[in-house]
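*Asks:* Contents of structure_6.pdb (PDB, C-alpha atoms) are given next:
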ATOM      1  CA  MET A   1      10.360 -22.735 -15.748
ATOM      2  CA  MET A   2      13.669 -24.337 -16.893
ATOM      3  CA  ARG A   3      13.635 -21.925 -19.850
ATOM      4  CA  ARG A   4      13.512 -18.924 -17.495
ATOM      5  CA  ARG A   5      16.286 -20.215 -15.235
ATOM      6  CA  THR A   6      18.530 -20.892 -18.223
ATOM      7  CA  ALA A   7      17.870 -17.389 -19.525
ATOM      8  CA  LEU A   8      18.721 -15.873 -16.162
ATOM      9  CA  ILE A   9      22.052 -17.682 -16.015
ATOM     10  CA  ALA A  10      22.913 -16.669 -19.566
ATOM     11  CA  ALA A  11      21.923 -13.070 -18.949
ATOM     12  CA  SER A  12      24.123 -12.898 -15.858
ATOM     13  CA  ALA A  13      27.086 -14.055 -17.920
ATOM     14  CA  LEU A  14      26.415 -11.354 -20.516
ATOM     15  CA  MET A  15      25.971  -8.471 -18.054
ATOM     16  CA  LEU A  16      27.049  -5.160 -19.616
ATOM     17  CA  GLY A  17      26.236  -2.769 -16.781
ATOM     18  CA  VAL A  18      23.921  -0.441 -18.731
ATOM     19  CA  THR A  19      21.839   1.781 -16.417
ATOM     20  CA  ALA A  20      18.068   1.993 -16.762
ATOM     21  CA  CYS A  21      16.175   5.278 -16.396
ATOM     22  CA  GLY A  22      15.355   4.750 -12.713
ATOM     23  CA  GLY A  23      18.797   3.561 -11.684
ATOM     24  CA  GLN A  24      18.125  -0.144 -12.321
ATOM     25  CA  GLU A  25      20.879  -2.067 -14.106
ATOM     26  CA  ALA A  26      20.005  -3.255 -17.625
ATOM     27  CA  THR A  27      21.403  -6.393 -19.302
ATOM     28  CA  PRO A  28      20.662  -8.251 -22.544
ATOM     29  CA  ALA A  29      18.722 -11.528 -22.259
ATOM     30  CA  ALA A  30      19.667 -14.773 -23.993
ATOM     31  CA  ASP A  31      16.371 -14.725 -25.895
ATOM     32  CA  GLY A  32      17.063 -11.225 -27.221
ATOM     33  CA  GLY A  33      14.843  -9.431 -24.710
ATOM     34  CA  GLU A  34      16.241  -6.871 -22.303
ATOM     35  CA  LYS A  35      16.398  -7.521 -18.566
ATOM     36  CA  ILE A  36      16.959  -5.128 -15.687
ATOM     37  CA  THR A  37      18.299  -5.783 -12.221
ATOM     38  CA  VAL A  38      15.884  -4.306  -9.703
ATOM     39  CA  LYS A  39      17.096  -3.297  -6.246
ATOM     40  CA  HIS A  40      14.305  -3.750  -3.722
ATOM     41  CA  ALA A  41      13.532  -4.395  -0.045
ATOM     42  CA  GLN A  42      15.039  -7.890  -0.023
ATOM     43  CA  GLY A  43      17.975  -7.536  -2.378
ATOM     44  CA  SER A  44      18.358  -7.438  -6.153
ATOM     45  CA  THR A  45      16.421  -9.401  -8.744
ATOM     46  CA  GLU A  46      16.869  -9.705 -12.483
ATOM     47  CA  VAL A  47      13.543  -9.132 -14.250
ATOM     48  CA  PRO A  48      12.521  -9.039 -17.934
ATOM     49  CA  LYS A  49      11.886  -5.557 -19.309
ATOM     50  CA  ASN A  50       8.189  -5.072 -20.127
ATOM     51  CA  PRO A  51       7.055  -8.276 -18.379
ATOM     52  CA  ALA A  52       3.988  -9.669 -20.144
ATOM     53  CA  LYS A  53       2.683 -11.776 -17.240
ATOM     54  CA  VAL A  54       2.754 -10.409 -13.694
ATOM     55  CA  VAL A  55       1.414 -11.839 -10.459
ATOM     56  CA  VAL A  56       0.682  -9.032  -7.997
ATOM     57  CA  MET A  57       0.392  -9.815  -4.276
ATOM     58  CA  ASP A  58      -0.162  -6.254  -3.062
ATOM     59  CA  TYR A  59      -3.040  -3.902  -3.855
ATOM     60  CA  ALA A  60      -0.895  -0.754  -3.651
ATOM     61  CA  VAL A  61       1.325  -2.224  -6.363
ATOM     62  CA  LEU A  62      -1.807  -2.939  -8.398
ATOM     63  CA  ASP A  63      -2.849   0.695  -7.866
ATOM     64  CA  ASN A  64       0.515   1.847  -9.236
ATOM     65  CA  MET A  65       0.221  -0.421 -12.265
ATOM     66  CA  LYS A  66      -3.283   0.834 -12.994
ATOM     67  CA  ALA A  67      -2.182   4.467 -12.645
ATOM     68  CA  LEU A  68       0.621   3.839 -15.137
ATOM     69  CA  GLY A  69      -1.615   2.045 -17.619
ATOM     70  CA  VAL A  70      -0.019  -1.412 -17.346
ATOM     71  CA  SER A  71      -2.532  -3.293 -15.186
ATOM     72  CA  ASP A  72      -3.477  -5.365 -18.245
ATOM     73  CA  LYS A  73      -0.238  -7.279 -17.647
ATOM     74  CA  VAL A  74      -1.539  -8.669 -14.339
ATOM     75  CA  VAL A  75      -2.550 -12.342 -14.638
ATOM     76  CA  GLY A  76      -3.158 -13.181 -10.981
ATOM     77  CA  LEU A  77      -3.656 -11.609  -7.557
ATOM     78  CA  PRO A  78      -5.453 -12.237  -4.245
ATOM     79  CA  THR A  79      -9.029 -11.569  -5.348
ATOM     80  CA  LYS A  80     -11.064 -12.503  -2.255
ATOM     81  CA  THR A  81     -10.288  -9.290  -0.336
ATOM     82  CA  LEU A  82     -10.130  -7.051  -3.396
ATOM     83  CA  PRO A  83     -11.607  -3.603  -2.582
ATOM     84  CA  GLY A  84     -14.833  -2.625  -4.316
ATOM     85  CA  PHE A  85     -13.133   0.135  -6.279
ATOM     86  CA  MET A  86     -10.922  -2.562  -7.847
ATOM     87  CA  ASP A  87     -13.774  -4.855  -8.918
ATOM     88  CA  GLU A  88     -12.554  -4.807 -12.512
ATOM     89  CA  PHE A  89      -9.759  -7.200 -11.470
ATOM     90  CA  LYS A  90     -11.997  -9.822  -9.856
ATOM     91  CA  LYS A  91     -12.047 -11.778 -13.105
ATOM     92  CA  LEU A  92      -8.337 -12.548 -12.777
ATOM     93  CA  ASP A  93      -7.026 -15.804 -11.323
ATOM     94  CA  ASN A  94      -6.986 -15.931  -7.538
ATOM     95  CA  VAL A  95      -3.534 -16.777  -6.169
ATOM     96  CA  GLY A  96      -4.328 -17.222  -2.496
ATOM     97  CA  THR A  97      -4.059 -14.482   0.095
ATOM     98  CA  MET A  98      -1.384 -11.884   0.658
ATOM     99  CA  GLN A  99      -0.263 -13.767   3.767
ATOM    100  CA  GLU A 100      -0.567 -17.244   2.217
ATOM    101  CA  PRO A 101       0.099 -17.188  -1.528
ATOM    102  CA  ASP A 102      -0.926 -20.260  -3.530
ATOM    103  CA  LEU A 103       2.475 -21.298  -4.851
ATOM    104  CA  GLU A 104       1.088 -24.052  -7.051
ATOM    105  CA  LYS A 105      -1.379 -21.722  -8.750
ATOM    106  CA  ILE A 106       1.277 -19.057  -9.244
ATOM    107  CA  ALA A 107       3.633 -21.603 -10.808
ATOM    108  CA  GLU A 108       0.814 -22.684 -13.123
ATOM    109  CA  LEU A 109       0.442 -19.083 -14.345
ATOM    110  CA  ASP A 110       4.208 -19.034 -15.132
ATOM    111  CA  PRO A 111       4.653 -15.270 -14.499
ATOM    112  CA  ASP A 112       7.618 -13.263 -15.719
ATOM    113  CA  VAL A 113       7.749 -11.544 -12.337
ATOM    114  CA  ILE A 114       5.965 -11.576  -8.971
ATOM    115  CA  LEU A 115       5.480  -8.209  -7.256
ATOM    116  CA  ILE A 116       4.843  -8.329  -3.510
ATOM    117  CA  GLY A 117       4.365  -5.975  -0.556
ATOM    118  CA  GLY A 118       4.659  -6.071   3.222
ATOM    119  CA  ARG A 119       2.022  -8.698   3.965
ATOM    120  CA  THR A 120       3.673 -11.164   1.573
ATOM    121  CA  ALA A 121       7.281 -10.270   2.410
ATOM    122  CA  PRO A 122       7.770 -13.276   4.764
ATOM    123  CA  LYS A 123       7.040 -15.569   1.800
ATOM    124  CA  TYR A 124       9.651 -13.942  -0.438
ATOM    125  CA  ALA A 125      12.064 -16.903  -0.455
ATOM    126  CA  ASP A 126       9.314 -19.359  -1.422
ATOM    127  CA  LEU A 127       7.998 -17.119  -4.186
ATOM    128  CA  ALA A 128      11.487 -16.433  -5.548
ATOM    129  CA  LYS A 129      11.814 -20.154  -6.262
ATOM    130  CA  VAL A 130       8.760 -19.933  -8.525
ATOM    131  CA  ALA A 131       9.648 -16.799 -10.515
ATOM    132  CA  PRO A 132      11.718 -13.599 -10.158
ATOM    133  CA  THR A 133      10.225 -11.765  -7.187
ATOM    134  CA  VAL A 134      10.453  -8.078  -6.255
ATOM    135  CA  ASP A 135       9.535  -6.826  -2.773
ATOM    136  CA  LEU A 136       7.881  -3.396  -2.959
ATOM    137  CA  THR A 137       7.112  -3.107   0.754
ATOM    138  CA  ASN A 138       6.170   0.426   1.742
ATOM    139  CA  ASP A 139       8.229   2.177   4.441
ATOM    140  CA  SER A 140       5.734   3.989   6.690
ATOM    141  CA  LYS A 141       8.547   6.123   8.105
ATOM    142  CA  ASP A 142       9.289   7.484   4.626
ATOM    143  CA  PHE A 143       5.851   7.382   3.047
ATOM    144  CA  LEU A 144       6.353   9.637   0.024
ATOM    145  CA  GLY A 145       9.944   8.534  -0.574
ATOM    146  CA  SER A 146       8.847   4.913  -0.542
ATOM    147  CA  LEU A 147       5.961   5.645  -2.914
ATOM    148  CA  GLU A 148       8.334   7.382  -5.329
ATOM    149  CA  LYS A 149      10.807   4.492  -5.205
ATOM    150  CA  ASN A 150       8.249   1.713  -5.659
ATOM    151  CA  ALA A 151       6.297   3.487  -8.389
ATOM    152  CA  GLY A 152       9.626   4.234 -10.044
ATOM    153  CA  ILE A 153      10.490   0.540 -10.150
ATOM    154  CA  VAL A 154       7.236  -0.255 -11.943
ATOM    155  CA  GLY A 155       7.916   2.682 -14.236
ATOM    156  CA  ASP A 156      11.381   1.353 -15.044
ATOM    157  CA  LEU A 157      10.001  -2.087 -15.863
ATOM    158  CA  TYR A 158       7.659  -0.629 -18.472
ATOM    159  CA  GLY A 159       9.491   2.476 -19.682
ATOM    160  CA  LYS A 160       6.991   4.740 -17.907
ATOM    161  CA  SER A 161       9.345   7.074 -16.043
ATOM    162  CA  ASP A 162       7.715  10.204 -17.454
ATOM    163  CA  GLU A 163       4.279   8.958 -16.427
ATOM    164  CA  VAL A 164       5.592   8.303 -12.906
ATOM    165  CA  LYS A 165       6.804  11.901 -12.652
ATOM    166  CA  THR A 166       3.421  13.191 -13.819
ATOM    167  CA  GLN A 167       1.561  11.041 -11.304
ATOM    168  CA  LEU A 168       3.904  12.025  -8.459
ATOM    169  CA  ALA A 169       3.249  15.683  -9.264
ATOM    170  CA  GLU A 170      -0.466  15.009  -8.693
ATOM    171  CA  VAL A 171       0.364  13.346  -5.379
ATOM    172  CA  THR A 172       2.466  16.332  -4.314
ATOM    173  CA  LYS A 173      -0.345  18.718  -5.219
ATOM    174  CA  ALA A 174      -2.887  16.761  -3.155
ATOM    175  CA  VAL A 175      -0.500  16.482  -0.197
ATOM    176  CA  ASP A 176       0.300  20.207  -0.261
ATOM    177  CA  GLU A 177      -3.389  21.111  -0.343
ATOM    178  CA  THR A 178      -4.093  18.873   2.633
ATOM    179  CA  LYS A 179      -1.126  20.239   4.540
ATOM    180  CA  ALA A 180      -2.389  23.767   3.961
ATOM    181  CA  ALA A 181      -5.828  22.771   5.248
ATOM    182  CA  ALA A 182      -4.234  21.316   8.390
ATOM    183  CA  LYS A 183      -2.802  24.666   9.453
ATOM    184  CA  GLY A 184      -4.913  26.031  12.273
ATOM    185  CA  ALA A 185      -7.216  22.985  12.210
ATOM    186  CA  GLY A 186      -6.223  21.820  15.690
ATOM    187  CA  THR A 187      -5.116  18.393  16.825
ATOM    188  CA  GLY A 188      -6.028  15.040  15.356
ATOM    189  CA  LEU A 189      -6.148  11.449  16.589
ATOM    190  CA  VAL A 190      -6.025   8.449  14.245
ATOM    191  CA  LEU A 191      -7.960   5.431  15.474
ATOM    192  CA  LEU A 192      -8.549   1.940  14.117
ATOM    193  CA  THR A 193     -11.499  -0.141  15.259
ATOM    194  CA  SER A 194     -11.360  -3.937  15.126
ATOM    195  CA  GLY A 195     -13.567  -6.422  16.900
ATOM    196  CA  GLY A 196     -15.053  -3.661  19.028
ATOM    197  CA  LYS A 197     -11.634  -2.552  20.271
ATOM    198  CA  LEU A 198      -9.611   0.619  19.652
ATOM    199  CA  SER A 199      -6.015   1.226  18.597
ATOM    200  CA  ALA A 200      -4.358   4.613  18.200
ATOM    201  CA  TYR A 201      -1.667   5.493  15.654
ATOM    202  CA  GLY A 202       0.796   8.371  15.731
ATOM    203  CA  PRO A 203       3.833   9.604  13.795
ATOM    204  CA  GLY A 204       6.030   6.808  12.447
ATOM    205  CA  SER A 205       3.183   4.298  12.355
ATOM    206  CA  ARG A 206       1.345   2.762   9.390
ATOM    207  CA  PHE A 207      -1.068   5.730   9.459
ATOM    208  CA  GLY A 208       1.594   8.258  10.418
ATOM    209  CA  VAL A 209       1.174   9.912   7.022
ATOM    210  CA  VAL A 210      -1.765  11.835   8.537
ATOM    211  CA  HIS A 211       0.700  13.714  10.711
ATOM    212  CA  GLU A 212       4.030  13.526   8.900
ATOM    213  CA  GLU A 213       2.921  14.268   5.348
ATOM    214  CA  PHE A 214      -0.587  15.688   5.651
ATOM    215  CA  GLY A 215       0.383  18.007   8.499
ATOM    216  CA  VAL A 216      -2.229  17.177  11.149
ATOM    217  CA  THR A 217      -0.916  18.005  14.646
ATOM    218  CA  PRO A 218      -0.887  14.831  16.799
ATOM    219  CA  ALA A 219      -3.299  14.978  19.726
ATOM    220  CA  ALA A 220      -1.427  12.192  21.526
ATOM    221  CA  LYS A 221       2.347  12.183  21.809
ATOM    222  CA  ASP A 222       4.635   9.198  22.272
ATOM    223  CA  LEU A 223       2.194   6.563  21.027
ATOM    224  CA  LYS A 224       3.791   3.163  20.600
ATOM    225  CA  VAL A 225       4.894   2.590  17.013
ATOM    226  CA  ASP A 226       3.600  -0.861  16.099
ATOM    227  CA  LYS A 227       1.835  -2.277  13.050
ATOM    228  CA  HIS A 228      -1.147  -2.949  15.302
ATOM    229  CA  GLY A 229      -0.978   0.499  16.872
ATOM    230  CA  GLN A 230      -1.309   1.163  20.592
ATOM    231  CA  ALA A 231      -4.343  -0.405  22.246
ATOM    232  CA  VAL A 232      -6.370   2.378  23.872
ATOM    233  CA  SER A 233      -9.653   2.814  25.729
ATOM    234  CA  ASN A 234     -12.567   5.188  25.491
ATOM    235  CA  GLU A 235     -11.107   6.858  28.592
ATOM    236  CA  PHE A 236      -7.885   7.495  26.681
ATOM    237  CA  VAL A 237      -9.794   9.116  23.829
ATOM    238  CA  ALA A 238     -11.740  11.296  26.270
ATOM    239  CA  THR A 239      -8.579  12.365  28.129
ATOM    240  CA  THR A 240      -6.711  13.082  24.875
ATOM    241  CA  ASN A 241      -9.722  15.143  23.740
ATOM    242  CA  PRO A 242      -8.660  15.714  20.104
ATOM    243  CA  ASP A 243     -10.120  18.440  17.947
ATOM    244  CA  ARG A 244     -10.582  15.880  15.174
ATOM    245  CA  MET A 245     -10.557  12.135  14.762
ATOM    246  CA  PHE A 246      -9.726  10.084  11.696
ATOM    247  CA  VAL A 247     -11.080   6.551  11.985
ATOM    248  CA  VAL A 248     -10.352   3.344  10.054
ATOM    249  CA  ASP A 249     -12.823   0.470  10.379
ATOM    250  CA  ARG A 250     -10.728  -2.681   9.926
ATOM    251  CA  ASP A 251     -13.680  -5.069  10.066
ATOM    252  CA  ALA A 252     -15.433  -3.241   7.239
ATOM    253  CA  ALA A 253     -12.209  -3.120   5.220
ATOM    254  CA  ILE A 254     -11.687  -6.879   5.249
ATOM    255  CA  GLY A 255     -15.345  -7.871   5.154
ATOM    256  CA  GLU A 256     -15.597  -9.227   8.690
ATOM    257  CA  GLN A 257     -18.766  -9.095  10.746
ATOM    258  CA  GLY A 258     -18.596  -6.824  13.765
ATOM    259  CA  SER A 259     -19.631  -3.557  15.307
ATOM    260  CA  SER A 260     -19.158  -0.626  12.959
ATOM    261  CA  ALA A 261     -16.647   2.066  13.882
ATOM    262  CA  GLN A 262     -19.536   4.490  14.385
ATOM    263  CA  LYS A 263     -21.137   2.138  16.903
ATOM    264  CA  VAL A 264     -17.862   1.504  18.754
ATOM    265  CA  LEU A 265     -17.291   5.246  19.209
ATOM    266  CA  ASP A 266     -20.874   6.079  20.108
ATOM    267  CA  ASN A 267     -20.517   6.239  23.893
ATOM    268  CA  ALA A 268     -20.638   8.848  26.644
ATOM    269  CA  LEU A 269     -16.865   9.209  26.982
ATOM    270  CA  VAL A 270     -16.125   9.730  23.285
ATOM    271  CA  ASN A 271     -19.227  11.846  22.742
ATOM    272  CA  LYS A 272     -17.971  14.516  25.126
ATOM    273  CA  THR A 273     -14.746  15.109  23.152
ATOM    274  CA  LYS A 274     -14.297  18.230  21.058
ATOM    275  CA  ALA A 275     -14.177  16.087  17.911
ATOM    276  CA  ALA A 276     -17.536  14.488  18.651
ATOM    277  CA  THR A 277     -19.361  17.558  19.893
ATOM    278  CA  ASN A 278     -18.206  19.572  16.883
ATOM    279  CA  LYS A 279     -18.937  16.706  14.452
ATOM    280  CA  LYS A 280     -15.305  16.431  13.409
ATOM    281  CA  ILE A 281     -14.998  12.654  13.293
ATOM    282  CA  THR A 282     -14.008  11.482   9.808
ATOM    283  CA  TYR A 283     -14.584   7.832   8.930
ATOM    284  CA  LEU A 284     -11.950   7.000   6.358
ATOM    285  CA  ASP A 285     -12.268   4.453   3.547
ATOM    286  CA  GLY A 286     -10.951   1.370   5.334
ATOM    287  CA  ALA A 287      -9.939  -0.413   2.133
ATOM    288  CA  ARG A 288      -7.837   2.516   0.944
ATOM    289  CA  TRP A 289      -6.120   2.952   4.302
ATOM    290  CA  TYR A 290      -5.891  -0.599   5.620
ATOM    291  CA  LEU A 291      -5.641  -2.791   2.519
ATOM    292  CA  LEU A 292      -3.648  -0.427   0.245
ATOM    293  CA  GLY A 293      -2.119   2.266   2.430
ATOM    294  CA  THR A 294      -0.225   3.830  -0.473
ATOM    295  CA  GLY A 295      -0.215   3.903  -4.300
ATOM    296  CA  LEU A 296      -0.170   6.703  -6.872
ATOM    297  CA  ASP A 297      -3.929   7.104  -7.255
ATOM    298  CA  ASN A 298      -4.747   5.872  -3.771
ATOM    299  CA  THR A 299      -2.515   8.399  -2.014
ATOM    300  CA  VAL A 300      -4.334  11.240  -3.741
ATOM    301  CA  GLU A 301      -7.639   9.815  -2.485
ATOM    302  CA  MET A 302      -6.214   9.421   1.024
ATOM    303  CA  ALA A 303      -5.035  13.027   1.060
ATOM    304  CA  ASN A 304      -8.409  14.232  -0.190
ATOM    305  CA  GLU A 305     -10.209  12.301   2.544
ATOM    306  CA  VAL A 306      -8.108  13.932   5.242
ATOM    307  CA  LYS A 307      -8.510  17.346   3.626
ATOM    308  CA  ALA A 308     -12.285  16.919   3.690
ATOM    309  CA  GLY A 309     -12.051  16.059   7.374
ATOM    310  CA  LEU A 310     -10.159  19.275   8.043
ATOM    311  CA  SER A 311     -12.900  21.530   6.687
TER     312      SER A 311
END
Once more with this new file: its structure as structure tokens, please.

*Replies:*
Amino acid sequence: MMRRRTALIAASALMLGVTACGGQEATPAADGGEKITVKHAQGSTEVPKNPAKVVVMDYAVLDNMKALGVSDKVVGLPTKTLPGFMDEFKKLDNVGTMQEPDLEKIAELDPDVILIGGRTAPKYADLAKVAPTVDLTNDSKDFLGSLEKNAGIVGDLYGKSDEVKTQLAEVTKAVDETKAAAKGAGTGLVLLTSGGKLSAYGPGSRFGVVHEEFGVTPAAKDLKVDKHGQAVSNEFVATTNPDRMFVVDRDAAIGEQGSSAQKVLDNALVNKTKAATNKKITYLDGARWYLLGTGLDNTVEMANEVKAGLS
């Protein structure tokens, strides 16, 4: 660790102000390797170019690394809640949870950089004492802009800017197709079930992408914007009477025991809505929406799920 800190100090003294392809500032390192200064959600951090050992604390970041062909650089991540479609990474060292990273284990892995997201953001200061840390928290109010920025940072680290552009073009294509399908498809309500209870999400929320980017007309206006959504009842759903519903099952996403989303919504009040009577309730992949929420490959899958629900 002393070696890294010494290198950081030396690199700062030798700063030349060269600009990297994504706008990050490049400097030479004392050991001959290039470093770039990454601007992120919690400031600026100097990181080695082409980091060989990366601890990833966010599954959307992992999705971006996989999409860009650099996931082989990941040496540790929270493995206990890893989604099934990411099983290939279960063999890696577990470094705690996103909310409670195992600082001792991470220090043992001696990473070149730690990449984190929103759930780990409160632990940024602690992690930054272990290794250079970059906060790639997604901004739900600027979903696509945030995806472009965060994927671009990973691209800059590994010289993959062209690949980022190619992947973003695929995202744009999927989003445009979903937006086209949303025209004339009526209103939609996004619900999350957890512990048998319901929360609704509208524009500006963590699932606001359904409305703001995918073009689904909100069935309920002025919903409270909160990471936990607005607590609602079956009566609220019945009164709102959406043409379509898009449902995330939190319990299923995190592997908790509880009533399934289908069971929670199977009641007289919900069953009389237009969405239920016309069989227009779409049960989304909870892991993709709740655990990741963004990512180059994942966003395409999210868009495709909504598009399928608009048919």

*Asks:* Name the residues that the PyMOL selection byres ((chain A and resi 266-279) around 6) picks from the file above, as a PDB file with C-alpha atoms, in the frame of the given file, using the file's chain letters and numbers.

*Replies:*
ATOM      1  CA  ALA A 238     -11.740  11.296  26.270  1.00  0.00           C
ATOM      2  CA  ASN A 241      -9.722  15.143  23.740  1.00  0.00           C
ATOM      3  CA  PRO A 242      -8.660  15.714  20.104  1.00  0.00           C
ATOM      4  CA  ASP A 243     -10.120  18.440  17.947  1.00  0.00           C
ATOM      5  CA  ARG A 244     -10.582  15.880  15.174  1.00  0.00           C
ATOM      6  CA  LYS A 263     -21.137   2.138  16.903  1.00  0.00           C
ATOM      7  CA  VAL A 264     -17.862   1.504  18.754  1.00  0.00           C
ATOM      8  CA  LEU A 265     -17.291   5.246  19.209  1.00  0.00           C
ATOM      9  CA  LYS A 280     -15.305  16.431  13.409  1.00  0.00           C
ATOM     10  CA  ILE A 281     -14.998  12.654  13.293  1.00  0.00           C
TER      11      ILE A 281
END

*Asks:* Give one line per residue of range 196-226 of chain A that approaches range 164-176 of chain A to at most 10 Å, naming the two atoms of the closest pair and their distance in Å to one decimal, counting all atoms listed in the file; sort by chain then ascending residue number and deliver it as a tab-separated table.

*Replies:*
residue	atom	partner	partner_atom	distance
A:Val209	CA	A:Val175	CA	9.9
A:Val210	CA	A:Val175	CA	10.0
A:Glu213	CA	A:Val175	CA	6.9
A:Phe214	CA	A:Val175	CA	5.9
A:Gly215	CA	A:Val175	CA	8.9

*Asks:* Expanded to explicit residues, what is the PyMOL selection byres ((chain A and resi 251) around 9) for this file, as a PDB file with C-alpha atoms, in the frame of the given file?

*Replies:*
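Below you can see expr.pdb, which holds the result:
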ATOM      1  CA  THR A 193     -11.499  -0.141  15.259  1.00  0.00           C
ATOM      2  CA  SER A 194     -11.360  -3.937  15.126  1.00  0.00           C
ATOM      3  CA  GLY A 195     -13.567  -6.422  16.900  1.00  0.00           C
ATOM      4  CA  ASP A 249     -12.823   0.470  10.379  1.00  0.00           C
ATOM      5  CA  ARG A 250     -10.728  -2.681   9.926  1.00  0.00           C
ATOM      6  CA  ALA A 252     -15.433  -3.241   7.239  1.00  0.00           C
ATOM      7  CA  ALA A 253     -12.209  -3.120   5.220  1.00  0.00           C
ATOM      8  CA  ILE A 254     -11.687  -6.879   5.249  1.00  0.00           C
ATOM      9  CA  GLY A 255     -15.345  -7.871   5.154  1.00  0.00           C
ATOM     10  CA  GLU A 256     -15.597  -9.227   8.690  1.00  0.00           C
ATOM     11  CA  GLN A 257     -18.766  -9.095  10.746  1.00  0.00           C
ATOM     12  CA  GLY A 258     -18.596  -6.824  13.765  1.00  0.00           C
ATOM     13  CA  SER A 259     -19.631  -3.557  15.307  1.00  0.00           C
ATOM     14  CA  SER A 260     -19.158  -0.626  12.959  1.00  0.00           C
ATOM     15  CA  ALA A 261     -16.647   2.066  13.882  1.00  0.00           C
ATOM     16  CA  GLY A 286     -10.951   1.370   5.334  1.00  0.00           C
TER      17      GLY A 286
END

*Asks:* For Asp110 in chain A, which residue out of A:Thr97, A:Ala52, A:Leu82, A:Val134 is the nearest one, using all atoms listed in the file?

*Replies:*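 So, comparing all the options, the nearest one is A:Ala52.
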
*Asks:* Report as a list in words the residues that result from applying the PyMOL selection byres ((chain A and resi 289) around 10) to the structure here.

*Replies:*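 With the shown file as input, the PyMOL selection byres ((chain A and resi 289) around 10) matches Arg206, Phe207, Val247, Val248, Asp249, Arg250, Ala253, Leu284, Asp285, Gly286, Ala287, Arg288, Tyr290, Leu291, Leu292, Gly293, Thr294, Asn298, Thr299, Glu301 and Met302 of chain A.
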
*Asks:* Would you list the contacts of Asp102 in chain A as a list in words, taking every protein, DNA or RNA residue within 10 Å and counting all atoms listed in the file, but skipping same-chain residues closer than 5 positions in sequence?

*Replies:* Leu77, Pro78, Asn94, Val95, Gly96, Thr97, Ala107 and Leu127 of chain A

*Asks:* Could you give me, as JSON, numbers by chain, the residues that have an atom at most 6 Å away from the point (0.2, 2.1, -5.0) in the coordinates of the file, using all atoms listed in the file?

*Replies:* {"A": [60, 61, 63, 64, 294, 295, 296]}

*Asks:* With all atoms listed in the file as the counted atoms, please give the residues lying no more than 7 Å from range 216-232 of chain A, apart from itself and same-chain residues fewer than 6 positions off, as an MDAnalysis selection string.

*Replies:* chainID A and resid 182 186:189 198:202 204:206 210 240 242

*Asks:* Measure the distance from CA of Thr282 in chain A to CA of Thr239 in chain A in Å and round it to one decimal.

*Replies:*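 Rounded to one decimal, the two atoms are 19.1 Å apart.
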
*Asks:* Go through A:Ser146, A:Thr79, A:Gln99, A:Thr45 one by one, measure the shortest atom-to-atom distance of each to Asp112 in chain A using all atoms listed in the file, and give the residue with the smallest value.

*Replies:*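 Ranking A:Ser146, A:Thr79, A:Gln99, A:Thr45 by distance to Asp112 in chain A, first place goes to A:Thr45.
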
*Asks:* Would you mind telling me which residue in A:Asn234, A:Gly309, A:Gln262, A:Pro83 lies nearest to Phe246 in chain A when using all atoms listed in the file?

*Replies:*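 Once distances to Phe246 in chain A are computed over all atoms listed in the file, the minimum belongs to A:Gly309.
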
*Asks:* Quick one: distance from CA of Ala180 in chain A to CA of Lys307 in chain A in Å, one decimal?

*Replies:*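 CA of Lys307 in chain A lies at a distance of 8.9 Å from CA of Ala180 in chain A.
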